Amino acid sequence: MKTFQFQNKSIPFNEGDSVGAALLRAGIKSLRKSRINGEPRAMMCGIGQCFDCVVTIDGKPLQRACITPARDGAQVGIDESSAS
Amino acid sequence: MVMTPAHSITSLNSEGSQKSADVIVIGAGIVGAMCAYFSIKAGLRTLVIDRSTVASGTTGAGEGNIMVSDKSPGPELELALISRDLWFEVGNDVGDSFELVAKGGIAIARHDPTSLFDFAKSQREAGVDCRVIDRSELYEREPFINRSIEHAVYYPQDGQCQPMLAAANILRHARTAGAQLIPHSDVLRIEKSKSSTGSLLKVHTTSGEYVAPYVINASGTWAGEIAERAGSSLPIMPRKGFILVTAPLPPKIFHKVYDSDYVDNVASSEADLQTSTVVEGTKSGTILIGASRQRVGYNKNIDVSVIKKLAQQATSLYPFLADTQLLRVYNGFRPYSPDHLPVIGEDFHVQVCITALAMKVQASGYLQPVAN
Ligand SMILES: Cc1cc2nc3c(=O)[nH]c(=O)nc-3n(C[C@H](O)[C@H](O)[C@H](O)COP(=O)(O)OP(=O)(O)OC[C@H]3O[C@@H](n4cnc5c(N)ncnc54)[C@H](O)[C@@H]3O)c2cc1C
Ligand code: FES
């Protein structure tokens, strides 16, 4: 099965899955911490509108997990670009 | 309180299918919310009617600046100074729930600063707290600003709020004190009706009829329509504006920073597109970029050339923005009146229909006099 990496874990996915869907299936809900109170943030709208689900993909920040198709071997990480 | 005992109705009661109140506010935007807040404080039974929901009109599209810096000496500036202080009083009363901050504004001139400095001088004489700042203070206050900018005036009184949260929380406060909100009710017609307690206004809506001796027209850009439905008229037109919203970033812009040509654009009567650079950070980390003004009716279309222009201008003020991602772009319709002034007062065609059309979120602070 194809996989991508998230925090040193291999996350399997089916062709056509979004990064967010694959993470959710693997039981990973929290994708980052909120800017103001450091609370966990997960996918919310699931349709690319709210930007709550942003992650880094291959070093690129602000990628929306919910609408970005998963790619074999991609490195997905926590997006800290908005942290103060 | 102007209301005579003959006019006041002892409870918000239902007479058949009719509900009555002391005052009916049409519109649940920031102006309607403030009207309700002050009406309830004055002890009036208050009903707020909106055809949609709270902040569904222009309040949901505004930037939330509470500015004195863009107003020339005259009645609007006098009101703005009162209004600015009222905002902070209301903020204290309602609680820190709508991101109200006195962040201060900085107006810059890219070339000849004469008109900027003259304008500031006239404002200072009218009671505005403002002063010319030198380059080192400018760069200390705004470390990320383009270093080719040398001329600036600092306005510590300028503030900001999150307008949707402001309308929602101020209205919630009024509702806790007894105001009633009737959402999803389109006001169709307002007419005079007689009753044993005196002359009343009857408001016909899609959800029924409501009567009160006083009706406040707080329907913003749509105030002309409401005036017509009351048998009167008001020359209010929509003026379209775009806002660009960036991804949240760690704080990099600390004041509301704008190109001083903004003041001319706000005061302009041209229908054609005008843009000026206005940039500011918000508490949630996003940066808001404006401002465009265009009179194109209620045309909601996204115009890419306007967005490009706003982005280019903002980038020339803050070069780091060139590498910042936009999350979204939206537009809304400001209420525009031919003389650029808020429309406040009694409508003599309808006798007791009070128009409380504020041109800006800020102007909602003007409304205490109306409620009084
Ligand atoms: C892009 C943009 C940026 C802005 N930035 C700022 C700023 O930084 N500072 C500032 O002070 N101002 C700003 N403004 C202007 C400001 O947002 C508005 O002036 C203000 O929100 C108007 O508030 P309001 O309550 O009068 O109107 P609205 O918020 O429009 O409320 C009117 C309400 O009336 C209701 N209504 C209309 N017709 C009917 C009917 N027939 N029956 C029942 N209800 C009805 C509507 O549903 C609506 O909820 C900006 C505007 C725009 C578009
Ligand atoms: S969950 Fe809302 S943008 Fe991805």
# chains A, B, ... in the order shown; residues from 1 in each chain; ligands from 1
>>> residues_around(residues="Gln312 (chain B)", least_positions_apart="3", cutoff="12 Å", atoms="only C-alpha atoms", output="PyMOL selection string")
chain B and resi 244+275-279+289-290+305-309+315-323
>>> residues_near_ligand(ligand="ligand 1", cutoff="6 Å", atoms="only C-alpha atoms and all ligand atoms", output="PyMOL selection string")
chain B and resi 26-32+49-52+54-59+61-66+185-187+218-222+226+240-243+331-335+357-362
>>> interface_residues(of="chain B", to="chain A", cutoff="6 Å", atoms="only C-alpha atoms", output="ChimeraX atom specification")
/B:248-250
>>> closest_residue(among="A:Arg25, A:Lys60, A:Arg41, A:Arg71", to="ligand 2", atoms="only C-alpha atoms and all ligand atoms")
A:Arg41
>>> residues_near_ligand(ligand="ligand 2", cutoff="6 Å", atoms="only C-alpha atoms and all ligand atoms", output="list of chain:residue names")
A:Met43, A:Met44, A:Cys45, A:Gly46, A:Ile47, A:Gly48, A:Gln49, A:Cys50, A:Phe51, A:Asp52, A:Cys53, A:Arg64, A:Ala65, A:Cys66
>>> write_last_selection(atoms="N, CA, C and O atoms", output="mmCIF file, in the first residue's frame")
data_model
loop_
_atom_site.group_PDB
_atom_site.id
_atom_site.type_symbol
_atom_site.label_atom_id
_atom_site.label_comp_id
_atom_site.auth_asym_id
_atom_site.auth_seq_id
_atom_site.Cartn_x
_atom_site.Cartn_y
_atom_site.Cartn_z
ATOM 1 N N MET A 43 -9.532 18.797 11.364
ATOM 2 C CA MET A 43 -10.310 19.195 10.195
ATOM 3 C C MET A 43 -11.662 19.671 10.699
ATOM 4 O O MET A 43 -12.228 19.078 11.599
ATOM 5 N N MET A 44 -12.147 20.754 10.110
ATOM 6 C CA MET A 44 -13.464 21.192 10.537
ATOM 7 C C MET A 44 -14.462 21.125 9.384
ATOM 8 O O MET A 44 -15.360 20.328 9.377
ATOM 9 N N CYS A 45 -14.268 21.983 8.359
ATOM 10 C CA CYS A 45 -15.260 22.003 7.284
ATOM 11 C C CYS A 45 -15.092 20.816 6.330
ATOM 12 O O CYS A 45 -16.045 20.332 5.773
ATOM 13 N N GLY A 46 -13.857 20.390 6.136
ATOM 14 C CA GLY A 46 -13.615 19.268 5.238
ATOM 15 C C GLY A 46 -13.748 19.604 3.763
ATOM 16 O O GLY A 46 -13.642 18.724 2.905
ATOM 17 N N ILE A 47 -13.976 20.867 3.447
ATOM 18 C CA ILE A 47 -14.170 21.235 2.040
ATOM 19 C C ILE A 47 -13.305 22.427 1.633
ATOM 20 O O ILE A 47 -13.639 23.179 0.733
ATOM 21 N N GLY A 48 -12.202 22.636 2.342
ATOM 22 C CA GLY A 48 -11.246 23.643 1.889
ATOM 23 C C GLY A 48 -11.553 25.081 2.224
ATOM 24 O O GLY A 48 -10.898 25.992 1.723
ATOM 25 N N GLN A 49 -12.519 25.316 3.091
ATOM 26 C CA GLN A 49 -12.915 26.699 3.349
ATOM 27 C C GLN A 49 -12.327 27.304 4.620
ATOM 28 O O GLN A 49 -12.102 28.500 4.686
ATOM 29 N N CYS A 50 -12.137 26.483 5.662
ATOM 30 C CA CYS A 50 -11.853 27.073 6.970
ATOM 31 C C CYS A 50 -10.361 27.180 7.288
ATOM 32 O O CYS A 50 -9.967 27.913 8.179
ATOM 33 N N PHE A 51 -9.528 26.443 6.615
ATOM 34 C CA PHE A 51 -8.080 26.441 6.847
ATOM 35 C C PHE A 51 -7.699 25.972 8.252
ATOM 36 O O PHE A 51 -6.619 26.272 8.731
ATOM 37 N N ASP A 52 -8.573 25.255 8.914
ATOM 38 C CA ASP A 52 -8.208 24.724 10.227
ATOM 39 C C ASP A 52 -7.284 23.522 10.084
ATOM 40 O O ASP A 52 -6.595 23.158 11.026
ATOM 41 N N CYS A 53 -7.282 22.890 8.921
ATOM 42 C CA CYS A 53 -6.586 21.605 8.765
ATOM 43 C C CYS A 53 -5.208 21.748 8.146
ATOM 44 O O CYS A 53 -4.656 20.775 7.663
ATOM 45 N N ARG A 64 -3.878 22.570 2.786
ATOM 46 C CA ARG A 64 -5.095 22.067 3.434
ATOM 47 C C ARG A 64 -5.184 20.557 3.283
ATOM 48 O O ARG A 64 -5.355 20.037 2.184
ATOM 49 N N ALA A 65 -5.075 19.850 4.429
ATOM 50 C CA ALA A 65 -5.075 18.383 4.418
ATOM 51 C C ALA A 65 -6.359 17.831 3.801
ATOM 52 O O ALA A 65 -6.340 16.819 3.105
ATOM 53 N N CYS A 66 -7.474 18.539 4.041
ATOM 54 C CA CYS A 66 -8.766 17.977 3.621
ATOM 55 C C CYS A 66 -8.958 17.928 2.115
ATOM 56 O O CYS A 66 -9.766 17.149 1.636
#
>>> select_by_dssp(residues="region 174-341 of chain B", states="alpha helix (DSSP H)", output="PyMOL selection string")
chain B and resi 174-176+223-229+261-267+304-317
>>> residues_around(residues="Gln123 (chain B)", least_positions_apart="2", cutoff="10 Å", atoms="only C-alpha atoms", output="list of chain:residue names")
B:Val68, B:Ser69, B:Asp70, B:Lys71, B:Ser72, B:Pro73, B:Gly74, B:Leu77, B:Phe117, B:Asp118, B:Phe119, B:Ala120, B:Lys121, B:Glu125, B:Ala126, B:Gly127, B:Val128, B:Asp129, B:Cys130
>>> write_last_selection(atoms="C-alpha atoms", output="PDB file, in the first residue's frame")
ATOM      1  CA  VAL B  68     -10.927  59.251  13.775  1.00  0.00           C
ATOM      2  CA  SER B  69      -7.905  59.666  11.519  1.00  0.00           C
ATOM      3  CA  ASP B  70      -9.764  59.607   8.193  1.00  0.00           C
ATOM      4  CA  LYS B  71     -12.271  62.321   9.065  1.00  0.00           C
ATOM      5  CA  SER B  72     -11.916  65.990   8.261  1.00  0.00           C
ATOM      6  CA  PRO B  73     -12.928  68.549  10.843  1.00  0.00           C
ATOM      7  CA  GLY B  74     -16.698  68.966  10.899  1.00  0.00           C
ATOM      8  CA  LEU B  77     -15.349  64.093  13.149  1.00  0.00           C
ATOM      9  CA  PHE B 117       0.677  67.048   7.377  1.00  0.00           C
ATOM     10  CA  ASP B 118      -1.800  69.887   6.719  1.00  0.00           C
ATOM     11  CA  PHE B 119      -4.711  67.505   7.200  1.00  0.00           C
ATOM     12  CA  ALA B 120      -3.279  66.279  10.509  1.00  0.00           C
ATOM     13  CA  LYS B 121      -2.785  69.840  11.659  1.00  0.00           C
ATOM     14  CA  GLU B 125      -6.963  71.778  16.027  1.00  0.00           C
ATOM     15  CA  ALA B 126     -10.312  69.951  16.086  1.00  0.00           C
ATOM     16  CA  GLY B 127      -9.260  67.833  19.048  1.00  0.00           C
ATOM     17  CA  VAL B 128      -7.740  64.747  17.428  1.00  0.00           C
ATOM     18  CA  ASP B 129      -4.684  63.297  19.117  1.00  0.00           C
ATOM     19  CA  CYS B 130      -2.129  62.952  16.301  1.00  0.00           C
TER      20      CYS B 130
END
